[in-house]
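With PDB, N, CA, C and O atoms inside, this is coords.pdb:
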```pdb
MODEL        1
ATOM      1  N   MET A   1     161.510 149.207   2.818
ATOM      2  CA  MET A   1     161.385 150.208   1.800
ATOM      3  C   MET A   1     162.561 150.133   0.815
ATOM      4  O   MET A   1     162.366 150.179  -0.386
ATOM      5  N   VAL A   2     163.770 150.008   1.364
ATOM      6  CA  VAL A   2     164.958 149.987   0.502
ATOM      7  C   VAL A   2     164.951 148.757  -0.403
ATOM      8  O   VAL A   2     165.216 148.862  -1.604
ATOM      9  N   SER A   3     164.596 147.610   0.159
ATOM     10  CA  SER A   3     164.552 146.397  -0.662
ATOM     11  C   SER A   3     163.523 146.530  -1.780
ATOM     12  O   SER A   3     163.749 146.072  -2.900
ATOM     13  N   SER A   4     162.404 147.176  -1.487
ATOM     14  CA  SER A   4     161.381 147.409  -2.514
ATOM     15  C   SER A   4     161.906 148.311  -3.619
ATOM     16  O   SER A   4     161.626 148.091  -4.799
ATOM     17  N   LEU A   5     162.674 149.327  -3.255
ATOM     18  CA  LEU A   5     163.259 150.216  -4.264
ATOM     19  C   LEU A   5     164.273 149.487  -5.138
ATOM     20  O   LEU A   5     164.312 149.678  -6.356
ATOM     21  N   VAL A   6     165.100 148.642  -4.531
ATOM     22  CA  VAL A   6     166.077 147.871  -5.312
ATOM     23  C   VAL A   6     165.346 146.891  -6.226
ATOM     24  O   VAL A   6     165.688 146.746  -7.396
ATOM     25  N   ASP A   7     164.303 146.239  -5.716
ATOM     26  CA  ASP A   7     163.501 145.322  -6.527
ATOM     27  C   ASP A   7     162.867 146.056  -7.707
ATOM     28  O   ASP A   7     162.910 145.586  -8.844
ATOM     29  N   PHE A   8     162.298 147.235  -7.454
ATOM     30  CA  PHE A   8     161.700 148.044  -8.509
ATOM     31  C   PHE A   8     162.739 148.404  -9.571
ATOM     32  O   PHE A   8     162.490 148.267 -10.771
ATOM     33  N   ALA A   9     163.901 148.867  -9.130
ATOM     34  CA  ALA A   9     164.964 149.259 -10.069
ATOM     35  C   ALA A   9     165.412 148.071 -10.910
ATOM     36  O   ALA A   9     165.672 148.209 -12.107
ATOM     37  N   LEU A  10     165.490 146.894 -10.307
ATOM     38  CA  LEU A  10     165.889 145.693 -11.045
ATOM     39  C   LEU A  10     164.826 145.307 -12.072
ATOM     40  O   LEU A  10     165.140 145.045 -13.234
ATOM     41  N   ARG A  11     163.557 145.313 -11.653
ATOM     42  CA  ARG A  11     162.469 144.939 -12.570
ATOM     43  C   ARG A  11     162.325 145.914 -13.726
ATOM     44  O   ARG A  11     161.985 145.517 -14.839
ATOM     45  N   LYS A  12     162.598 147.200 -13.490
ATOM     46  CA  LYS A  12     162.465 148.212 -14.543
ATOM     47  C   LYS A  12     163.716 148.335 -15.407
ATOM     48  O   LYS A  12     163.741 149.117 -16.345
ATOM     49  N   GLY A  13     164.760 147.594 -15.083
ATOM     50  CA  GLY A  13     165.984 147.642 -15.881
ATOM     51  C   GLY A  13     166.875 148.828 -15.564
ATOM     52  O   GLY A  13     167.811 149.111 -16.305
ATOM     53  N   ILE A  14     166.596 149.513 -14.469
ATOM     54  CA  ILE A  14     167.435 150.642 -14.068
ATOM     55  C   ILE A  14     168.791 150.136 -13.600
ATOM     56  O   ILE A  14     169.818 150.741 -13.870
ATOM     57  N   ILE A  15     168.774 149.011 -12.878
ATOM     58  CA  ILE A  15     170.011 148.337 -12.472
ATOM     59  C   ILE A  15     169.955 146.905 -12.982
ATOM     60  O   ILE A  15     168.880 146.385 -13.302
ATOM     61  N   GLN A  16     171.115 146.273 -13.073
ATOM     62  CA  GLN A  16     171.187 144.885 -13.517
ATOM     63  C   GLN A  16     171.490 143.934 -12.361
ATOM     64  O   GLN A  16     171.349 142.733 -12.501
ATOM     65  N   ALA A  17     171.901 144.474 -11.249
ATOM     66  CA  ALA A  17     172.184 143.691 -10.045
ATOM     67  C   ALA A  17     172.170 144.633  -8.858
ATOM     68  O   ALA A  17     172.331 145.842  -9.009
ATOM     69  N   GLY A  18     171.976 144.077  -7.695
ATOM     70  CA  GLY A  18     172.015 144.867  -6.473
ATOM     71  C   GLY A  18     172.937 144.212  -5.467
ATOM     72  O   GLY A  18     173.120 142.994  -5.486
ATOM     73  N   ILE A  19     173.540 145.019  -4.614
ATOM     74  CA  ILE A  19     174.363 144.484  -3.533
ATOM     75  C   ILE A  19     173.682 144.863  -2.223
ATOM     76  O   ILE A  19     173.498 146.041  -1.927
ATOM     77  N   LEU A  20     173.285 143.855  -1.469
ATOM     78  CA  LEU A  20     172.626 144.046  -0.186
ATOM     79  C   LEU A  20     173.294 143.144   0.843
ATOM     80  O   LEU A  20     174.044 142.241   0.487
ATOM     81  N   THR A  21     172.981 143.378   2.101
ATOM     82  CA  THR A  21     173.518 142.545   3.177
ATOM     83  C   THR A  21     172.376 141.746   3.784
ATOM     84  O   THR A  21     171.419 142.319   4.297
ATOM     85  N   PRO A  22     172.452 140.415   3.721
ATOM     86  CA  PRO A  22     171.379 139.596   4.288
ATOM     87  C   PRO A  22     171.340 139.693   5.813
ATOM     88  O   PRO A  22     172.362 139.925   6.455
ATOM     89  N   ARG A  23     170.165 139.512   6.367
ATOM     90  CA  ARG A  23     169.986 139.510   7.821
ATOM     91  C   ARG A  23     170.019 138.067   8.300
ATOM     92  O   ARG A  23     168.998 137.437   8.466
ATOM     93  N   ASN A  24     171.192 137.542   8.535
ATOM     94  CA  ASN A  24     171.286 136.154   8.975
ATOM     95  C   ASN A  24     171.911 136.017  10.355
ATOM     96  O   ASN A  24     172.211 134.919  10.799
ATOM     97  N   GLY A  25     172.117 137.123  11.043
ATOM     98  CA  GLY A  25     172.625 137.072  12.396
ATOM     99  C   GLY A  25     174.127 136.929  12.522
ATOM    100  O   GLY A  25     174.643 136.863  13.625
ATOM    101  N   ASP A  26     174.843 136.882  11.407
ATOM    102  CA  ASP A  26     176.296 136.772  11.474
ATOM    103  C   ASP A  26     176.899 138.031  12.081
ATOM    104  O   ASP A  26     176.450 139.132  11.826
ATOM    105  N   LEU A  27     177.926 137.848  12.881
ATOM    106  CA  LEU A  27     178.621 139.003  13.439
ATOM    107  C   LEU A  27     179.425 139.728  12.376
ATOM    108  O   LEU A  27     179.656 140.921  12.463
ATOM    109  N   LEU A  28     179.881 139.006  11.363
ATOM    110  CA  LEU A  28     180.624 139.601  10.254
ATOM    111  C   LEU A  28     179.878 139.326   8.950
ATOM    112  O   LEU A  28     180.244 138.448   8.182
ATOM    113  N   PRO A  29     178.812 140.083   8.686
ATOM    114  CA  PRO A  29     178.031 139.846   7.473
ATOM    115  C   PRO A  29     178.811 140.225   6.226
ATOM    116  O   PRO A  29     179.775 140.983   6.291
ATOM    117  N   GLN A  30     178.395 139.665   5.117
ATOM    118  CA  GLN A  30     179.007 139.986   3.831
ATOM    119  C   GLN A  30     177.927 140.454   2.867
ATOM    120  O   GLN A  30     176.803 139.961   2.897
ATOM    121  N   GLY A  31     178.298 141.387   2.010
ATOM    122  CA  GLY A  31     177.378 141.817   0.971
ATOM    123  C   GLY A  31     177.196 140.708  -0.044
ATOM    124  O   GLY A  31     178.103 139.915  -0.289
ATOM    125  N   LYS A  32     176.000 140.653  -0.618
ATOM    126  CA  LYS A  32     175.701 139.654  -1.645
ATOM    127  C   LYS A  32     175.289 140.350  -2.928
ATOM    128  O   LYS A  32     174.555 141.334  -2.897
ATOM    129  N   ILE A  33     175.750 139.828  -4.032
ATOM    130  CA  ILE A  33     175.359 140.317  -5.344
ATOM    131  C   ILE A  33     174.081 139.574  -5.727
ATOM    132  O   ILE A  33     174.072 138.350  -5.790
ATOM    133  N   LEU A  34     173.013 140.321  -5.958
ATOM    134  CA  LEU A  34     171.717 139.712  -6.212
ATOM    135  C   LEU A  34     171.158 140.165  -7.550
ATOM    136  O   LEU A  34     171.236 141.344  -7.894
ATOM    137  N   THR A  35     170.580 139.231  -8.261
ATOM    138  CA  THR A  35     169.970 139.543  -9.550
ATOM    139  C   THR A  35     168.532 139.038  -9.636
ATOM    140  O   THR A  35     167.934 139.064 -10.698
ATOM    141  N   SER A  36     167.973 138.568  -8.516
ATOM    142  CA  SER A  36     166.600 138.062  -8.530
ATOM    143  C   SER A  36     165.769 138.734  -7.448
ATOM    144  O   SER A  36     166.289 139.178  -6.427
ATOM    145  N   ARG A  37     164.473 138.783  -7.694
ATOM    146  CA  ARG A  37     163.557 139.377  -6.718
ATOM    147  C   ARG A  37     163.586 138.599  -5.404
ATOM    148  O   ARG A  37     163.588 139.177  -4.331
ATOM    149  N   LYS A  38     163.619 137.271  -5.483
ATOM    150  CA  LYS A  38     163.640 136.454  -4.273
ATOM    151  C   LYS A  38     164.866 136.773  -3.425
ATOM    152  O   LYS A  38     164.766 136.927  -2.216
ATOM    153  N   GLY A  39     166.027 136.892  -4.048
ATOM    154  CA  GLY A  39     167.240 137.219  -3.311
ATOM    155  C   GLY A  39     167.150 138.570  -2.629
ATOM    156  O   GLY A  39     167.566 138.734  -1.485
ATOM    157  N   ILE A  40     166.587 139.540  -3.341
ATOM    158  CA  ILE A  40     166.446 140.879  -2.776
ATOM    159  C   ILE A  40     165.485 140.866  -1.592
ATOM    160  O   ILE A  40     165.774 141.405  -0.530
ATOM    161  N   LEU A  41     164.347 140.208  -1.749
ATOM    162  CA  LEU A  41     163.359 140.186  -0.676
ATOM    163  C   LEU A  41     163.848 139.359   0.519
ATOM    164  O   LEU A  41     163.431 139.611   1.648
ATOM    165  N   ASP A  42     164.724 138.401   0.291
ATOM    166  CA  ASP A  42     165.311 137.639   1.398
ATOM    167  C   ASP A  42     166.192 138.540   2.271
ATOM    168  O   ASP A  42     166.449 138.214   3.423
ATOM    169  N   CYS A  43     166.661 139.649   1.734
ATOM    170  CA  CYS A  43     167.505 140.578   2.485
ATOM    171  C   CYS A  43     166.695 141.715   3.109
ATOM    172  O   CYS A  43     167.269 142.613   3.718
ATOM    173  N   ALA A  44     165.385 141.678   2.952
ATOM    174  CA  ALA A  44     164.543 142.772   3.449
ATOM    175  C   ALA A  44     164.633 142.901   4.961
ATOM    176  O   ALA A  44     164.803 141.915   5.672
ATOM    177  N   GLY A  45     164.545 144.116   5.436
ATOM    178  CA  GLY A  45     164.581 144.398   6.865
ATOM    179  C   GLY A  45     165.827 145.171   7.228
ATOM    180  O   GLY A  45     166.839 145.102   6.542
ATOM    181  N   SER A  46     165.722 145.907   8.310
ATOM    182  CA  SER A  46     166.847 146.737   8.742
ATOM    183  C   SER A  46     167.913 145.900   9.425
ATOM    184  O   SER A  46     167.611 145.008  10.201
ATOM    185  N   SER A  47     169.138 146.224   9.118
ATOM    186  CA  SER A  47     170.281 145.558   9.743
ATOM    187  C   SER A  47     171.328 146.628   9.982
ATOM    188  O   SER A  47     172.022 147.046   9.057
ATOM    189  N   TYR A  48     171.425 147.101  11.208
ATOM    190  CA  TYR A  48     172.310 148.214  11.523
ATOM    191  C   TYR A  48     173.673 147.720  11.964
ATOM    192  O   TYR A  48     174.084 147.893  13.104
ATOM    193  N   VAL A  49     174.338 147.052  11.061
ATOM    194  CA  VAL A  49     175.692 146.573  11.316
ATOM    195  C   VAL A  49     176.581 147.074  10.195
ATOM    196  O   VAL A  49     176.121 147.363   9.096
ATOM    197  N   SER A  50     177.831 147.166  10.495
ATOM    198  CA  SER A  50     178.784 147.562   9.474
ATOM    199  C   SER A  50     179.161 146.320   8.677
ATOM    200  O   SER A  50     179.777 145.403   9.197
ATOM    201  N   GLY A  51     178.725 146.282   7.442
ATOM    202  CA  GLY A  51     179.015 145.129   6.596
ATOM    203  C   GLY A  51     179.927 145.530   5.459
ATOM    204  O   GLY A  51     179.878 146.657   4.984
ATOM    205  N   PRO A  52     180.738 144.628   5.006
ATOM    206  CA  PRO A  52     181.669 144.935   3.912
ATOM    207  C   PRO A  52     180.980 144.906   2.550
ATOM    208  O   PRO A  52     181.319 144.116   1.687
ATOM    209  N   THR A  53     179.994 145.789   2.371
ATOM    210  CA  THR A  53     179.228 145.817   1.130
ATOM    211  C   THR A  53     180.106 146.144  -0.069
ATOM    212  O   THR A  53     179.989 145.533  -1.126
ATOM    213  N   LEU A  54     181.000 147.102   0.087
ATOM    214  CA  LEU A  54     181.856 147.472  -1.042
ATOM    215  C   LEU A  54     182.827 146.353  -1.405
ATOM    216  O   LEU A  54     183.270 146.255  -2.543
ATOM    217  N   GLU A  55     183.129 145.489  -0.443
ATOM    218  CA  GLU A  55     183.977 144.336  -0.735
ATOM    219  C   GLU A  55     183.296 143.448  -1.765
ATOM    220  O   GLU A  55     183.934 142.924  -2.667
ATOM    221  N   ALA A  56     181.983 143.297  -1.660
ATOM    222  CA  ALA A  56     181.238 142.508  -2.638
ATOM    223  C   ALA A  56     181.287 143.165  -4.008
ATOM    224  O   ALA A  56     181.360 142.481  -5.032
ATOM    225  N   LEU A  57     181.260 144.495  -4.037
ATOM    226  CA  LEU A  57     181.375 145.206  -5.310
ATOM    227  C   LEU A  57     182.723 144.926  -5.961
ATOM    228  O   LEU A  57     182.814 144.653  -7.155
ATOM    229  N   ASN A  58     183.777 144.973  -5.169
ATOM    230  CA  ASN A  58     185.120 144.711  -5.695
ATOM    231  C   ASN A  58     185.319 143.249  -6.064
ATOM    232  O   ASN A  58     186.055 142.929  -6.991
ATOM    233  N   ARG A  59     184.662 142.355  -5.334
ATOM    234  CA  ARG A  59     184.841 140.918  -5.534
ATOM    235  C   ARG A  59     184.176 140.425  -6.809
ATOM    236  O   ARG A  59     184.706 139.569  -7.494
ATOM    237  N   GLY A  60     182.998 140.947  -7.118
ATOM    238  CA  GLY A  60     182.272 140.436  -8.272
ATOM    239  C   GLY A  60     181.780 139.021  -7.986
ATOM    240  O   GLY A  60     181.515 138.702  -6.853
ATOM    241  N   PRO A  61     181.652 138.129  -8.879
ATOM    242  CA  PRO A  61     181.942 138.258 -10.300
ATOM    243  C   PRO A  61     180.800 138.962 -11.032
ATOM    244  O   PRO A  61     179.649 138.775 -10.696
ATOM    245  N   TRP A  62     181.155 139.754 -11.988
ATOM    246  CA  TRP A  62     180.166 140.475 -12.778
ATOM    247  C   TRP A  62     179.975 139.761 -14.085
ATOM    248  O   TRP A  62     180.914 139.526 -14.821
ATOM    249  N   LYS A  63     178.743 139.436 -14.385
ATOM    250  CA  LYS A  63     178.412 138.695 -15.598
ATOM    251  C   LYS A  63     177.714 139.629 -16.574
ATOM    252  O   LYS A  63     176.546 139.481 -16.871
ATOM    253  N   GLY A  64     178.429 140.639 -17.036
ATOM    254  CA  GLY A  64     177.870 141.578 -17.990
ATOM    255  C   GLY A  64     177.042 142.681 -17.365
ATOM    256  O   GLY A  64     176.449 143.474 -18.068
ATOM    257  N   GLN A  65     176.962 142.722 -16.030
ATOM    258  CA  GLN A  65     176.191 143.772 -15.374
ATOM    259  C   GLN A  65     177.053 145.016 -15.245
ATOM    260  O   GLN A  65     178.174 144.953 -14.777
ATOM    261  N   GLU A  66     176.515 146.137 -15.687
ATOM    262  CA  GLU A  66     177.232 147.402 -15.584
ATOM    263  C   GLU A  66     176.528 148.371 -14.648
ATOM    264  O   GLU A  66     177.155 149.251 -14.094
ATOM    265  N   ARG A  67     175.225 148.214 -14.480
ATOM    266  CA  ARG A  67     174.452 149.107 -13.611
ATOM    267  C   ARG A  67     174.157 148.370 -12.306
ATOM    268  O   ARG A  67     173.338 147.460 -12.268
ATOM    269  N   ILE A  68     174.845 148.783 -11.260
ATOM    270  CA  ILE A  68     174.778 148.091  -9.975
ATOM    271  C   ILE A  68     174.159 149.013  -8.927
ATOM    272  O   ILE A  68     174.555 150.171  -8.801
ATOM    273  N   GLY A  69     173.214 148.502  -8.166
ATOM    274  CA  GLY A  69     172.641 149.238  -7.043
ATOM    275  C   GLY A  69     173.266 148.725  -5.753
ATOM    276  O   GLY A  69     173.381 147.527  -5.548
ATOM    277  N   ILE A  70     173.691 149.631  -4.887
ATOM    278  CA  ILE A  70     174.344 149.243  -3.642
ATOM    279  C   ILE A  70     173.552 149.821  -2.473
ATOM    280  O   ILE A  70     173.174 150.988  -2.489
ATOM    281  N   VAL A  71     173.328 148.994  -1.457
ATOM    282  CA  VAL A  71     172.598 149.420  -0.265
ATOM    283  C   VAL A  71     173.538 149.349   0.921
ATOM    284  O   VAL A  71     174.230 148.363   1.123
ATOM    285  N   GLY A  72     173.574 150.409   1.690
ATOM    286  CA  GLY A  72     174.404 150.422   2.890
ATOM    287  C   GLY A  72     174.065 151.631   3.741
ATOM    288  O   GLY A  72     173.297 152.496   3.339
ATOM    289  N   VAL A  73     174.615 151.657   4.917
ATOM    290  CA  VAL A  73     174.452 152.817   5.794
ATOM    291  C   VAL A  73     175.815 153.456   5.975
ATOM    292  O   VAL A  73     176.839 152.780   5.906
ATOM    293  N   PRO A  74     175.851 154.765   6.195
ATOM    294  CA  PRO A  74     177.149 155.409   6.398
ATOM    295  C   PRO A  74     177.815 154.883   7.658
ATOM    296  O   PRO A  74     177.147 154.563   8.644
ATOM    297  N   VAL A  75     179.126 154.781   7.617
ATOM    298  CA  VAL A  75     179.866 154.304   8.776
ATOM    299  C   VAL A  75     179.741 155.308   9.908
ATOM    300  O   VAL A  75     179.497 154.968  11.047
ATOM    301  N   ARG A  76     179.871 156.570   9.576
ATOM    302  CA  ARG A  76     179.799 157.592  10.615
ATOM    303  C   ARG A  76     179.417 158.917   9.979
ATOM    304  O   ARG A  76     180.001 159.328   8.986
ATOM    305  N   CYS A  77     178.469 159.573  10.562
ATOM    306  CA  CYS A  77     178.068 160.896  10.091
ATOM    307  C   CYS A  77     178.579 161.917  11.098
ATOM    308  O   CYS A  77     178.190 161.875  12.264
ATOM    309  N   LEU A  78     179.434 162.784  10.663
ATOM    310  CA  LEU A  78     179.993 163.803  11.547
ATOM    311  C   LEU A  78     179.229 165.109  11.403
ATOM    312  O   LEU A  78     178.889 165.504  10.281
ATOM    313  N   PRO A  79     178.949 165.787  12.486
ATOM    314  CA  PRO A  79     178.310 167.111  12.369
ATOM    315  C   PRO A  79     179.276 168.106  11.739
ATOM    316  O   PRO A  79     180.489 167.962  11.851
ATOM    317  N   TRP A  80     178.709 169.082  11.057
ATOM    318  CA  TRP A  80     179.546 170.105  10.405
ATOM    319  C   TRP A  80     180.257 170.931  11.459
ATOM    320  O   TRP A  80     179.672 171.389  12.417
ATOM    321  N   ARG A  81     181.552 171.101  11.303
ATOM    322  CA  ARG A  81     182.347 171.916  12.236
ATOM    323  C   ARG A  81     183.223 172.855  11.436
ATOM    324  O   ARG A  81     183.735 172.500  10.400
ATOM    325  N   GLU A  82     183.409 174.032  11.981
ATOM    326  CA  GLU A  82     184.319 174.990  11.338
ATOM    327  C   GLU A  82     185.526 175.202  12.188
ATOM    328  O   GLU A  82     185.529 175.061  13.361
TER     329      GLU A  82
ENDMDL
END
```
Would you give me this structure, written as structure tokens?
Amino acid sequence: MVSSLVDFALRKGIIQAGILTPRNGDLLPQGKILTSRKGILDCAGSSYVSGPTLEALNRGPWKGQERIGIVGVPVRCLPWRE
């Protein structure tokens, strides 16, 4: 579902690139900057690992892209406590 949303946003011009984590079985996955439908669909599927997605955002290289879509899961969700 998420890959389809990123693909839709890219095709409609809402974003100019997306950052996703490929499912290649690596213990230390890396985020990839993607600008094509094939690249996005190659990353389709759930991958519940902590990947350095924001590292890819910081790394770039950005070729004129200003609208970036990022896919990731929260590292930890804490219940509300008072």
Every residue with an atom at most 6 Å from (178.8, 144.0, -4.9) (file coordinates; only N, CA, C and O atoms) is what I'm after, so could you write them as a PyMOL selection string?
chain A and resi 18-19+32-33+53-58+60
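Computed from the coordinates, the CA of Glu66 in chain A to CA of Leu10 in chain A distance equals 12.3 Å.
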Find the distance between CA of Met1 in chain A and atom O of Trp62 in chain A and write it in Å to one decimal.
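Rounded to one decimal, the two atoms are 27.8 Å apart.
With distances restricted to only C-alpha atoms, A:Leu34 is the closest residue to Pro22 in chain A from A:Val6, A:Leu34, A:Arg67, A:Arg59.
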Report as number ranges by chain the residues that result from applying the PyMOL selection byres (((chain A and resi 13 and name CA) around 12) and name CA) to the structure here.
A: 6-12, 14-18, 35, 65-69
Residues returned when the PyMOL selection byres (((chain A and resi 44 and name CA) around 12) and name CA) runs on this file, as a PyMOL selection string
chain A and resi 1-7+20-24+37-43+45-47+71
Any chance you could list, as a PyMOL selection string, the residues in range 1-66 of chain A that come up strand (DSSP E) when DSSP is run on the backbone?
chain A and resi 17-20+32-34
For the alpha helix (DSSP H) assignment from backbone DSSP, which residues of range 5-41 of chain A qualify? Please present them as an mmCIF file with N, CA, C and O atoms, keeping the file's coordinate frame.
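selection09.cif, written as the output of this step:
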```cif
data_model
loop_
_atom_site.group_PDB
_atom_site.id
_atom_site.type_symbol
_atom_site.label_atom_id
_atom_site.label_comp_id
_atom_site.auth_asym_id
_atom_site.auth_seq_id
_atom_site.Cartn_x
_atom_site.Cartn_y
_atom_site.Cartn_z
ATOM 1 N N LEU A 5 162.674 149.327 -3.255
ATOM 2 C CA LEU A 5 163.259 150.216 -4.264
ATOM 3 C C LEU A 5 164.273 149.487 -5.138
ATOM 4 O O LEU A 5 164.312 149.678 -6.356
ATOM 5 N N VAL A 6 165.100 148.642 -4.531
ATOM 6 C CA VAL A 6 166.077 147.871 -5.312
ATOM 7 C C VAL A 6 165.346 146.891 -6.226
ATOM 8 O O VAL A 6 165.688 146.746 -7.396
ATOM 9 N N ASP A 7 164.303 146.239 -5.716
ATOM 10 C CA ASP A 7 163.501 145.322 -6.527
ATOM 11 C C ASP A 7 162.867 146.056 -7.707
ATOM 12 O O ASP A 7 162.910 145.586 -8.844
ATOM 13 N N PHE A 8 162.298 147.235 -7.454
ATOM 14 C CA PHE A 8 161.700 148.044 -8.509
ATOM 15 C C PHE A 8 162.739 148.404 -9.571
ATOM 16 O O PHE A 8 162.490 148.267 -10.771
ATOM 17 N N ALA A 9 163.901 148.867 -9.130
ATOM 18 C CA ALA A 9 164.964 149.259 -10.069
ATOM 19 C C ALA A 9 165.412 148.071 -10.910
ATOM 20 O O ALA A 9 165.672 148.209 -12.107
ATOM 21 N N LEU A 10 165.490 146.894 -10.307
ATOM 22 C CA LEU A 10 165.889 145.693 -11.045
ATOM 23 C C LEU A 10 164.826 145.307 -12.072
ATOM 24 O O LEU A 10 165.140 145.045 -13.234
ATOM 25 N N ARG A 11 163.557 145.313 -11.653
ATOM 26 C CA ARG A 11 162.469 144.939 -12.570
ATOM 27 C C ARG A 11 162.325 145.914 -13.726
ATOM 28 O O ARG A 11 161.985 145.517 -14.839
ATOM 29 N N ARG A 37 164.473 138.783 -7.694
ATOM 30 C CA ARG A 37 163.557 139.377 -6.718
ATOM 31 C C ARG A 37 163.586 138.599 -5.404
ATOM 32 O O ARG A 37 163.588 139.177 -4.331
ATOM 33 N N LYS A 38 163.619 137.271 -5.483
ATOM 34 C CA LYS A 38 163.640 136.454 -4.273
ATOM 35 C C LYS A 38 164.866 136.773 -3.425
ATOM 36 O O LYS A 38 164.766 136.927 -2.216
ATOM 37 N N GLY A 39 166.027 136.892 -4.048
ATOM 38 C CA GLY A 39 167.240 137.219 -3.311
ATOM 39 C C GLY A 39 167.150 138.570 -2.629
ATOM 40 O O GLY A 39 167.566 138.734 -1.485
ATOM 41 N N ILE A 40 166.587 139.540 -3.341
ATOM 42 C CA ILE A 40 166.446 140.879 -2.776
ATOM 43 C C ILE A 40 165.485 140.866 -1.592
ATOM 44 O O ILE A 40 165.774 141.405 -0.530
ATOM 45 N N LEU A 41 164.347 140.208 -1.749
ATOM 46 C CA LEU A 41 163.359 140.186 -0.676
ATOM 47 C C LEU A 41 163.848 139.359 0.519
ATOM 48 O O LEU A 41 163.431 139.611 1.648
#
```
Find the distance between atom N of Ile70 in chain A and atom O of Ser36 in chain A and write it in Å to one decimal.
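Distance between the two atoms: 12.9 Å.
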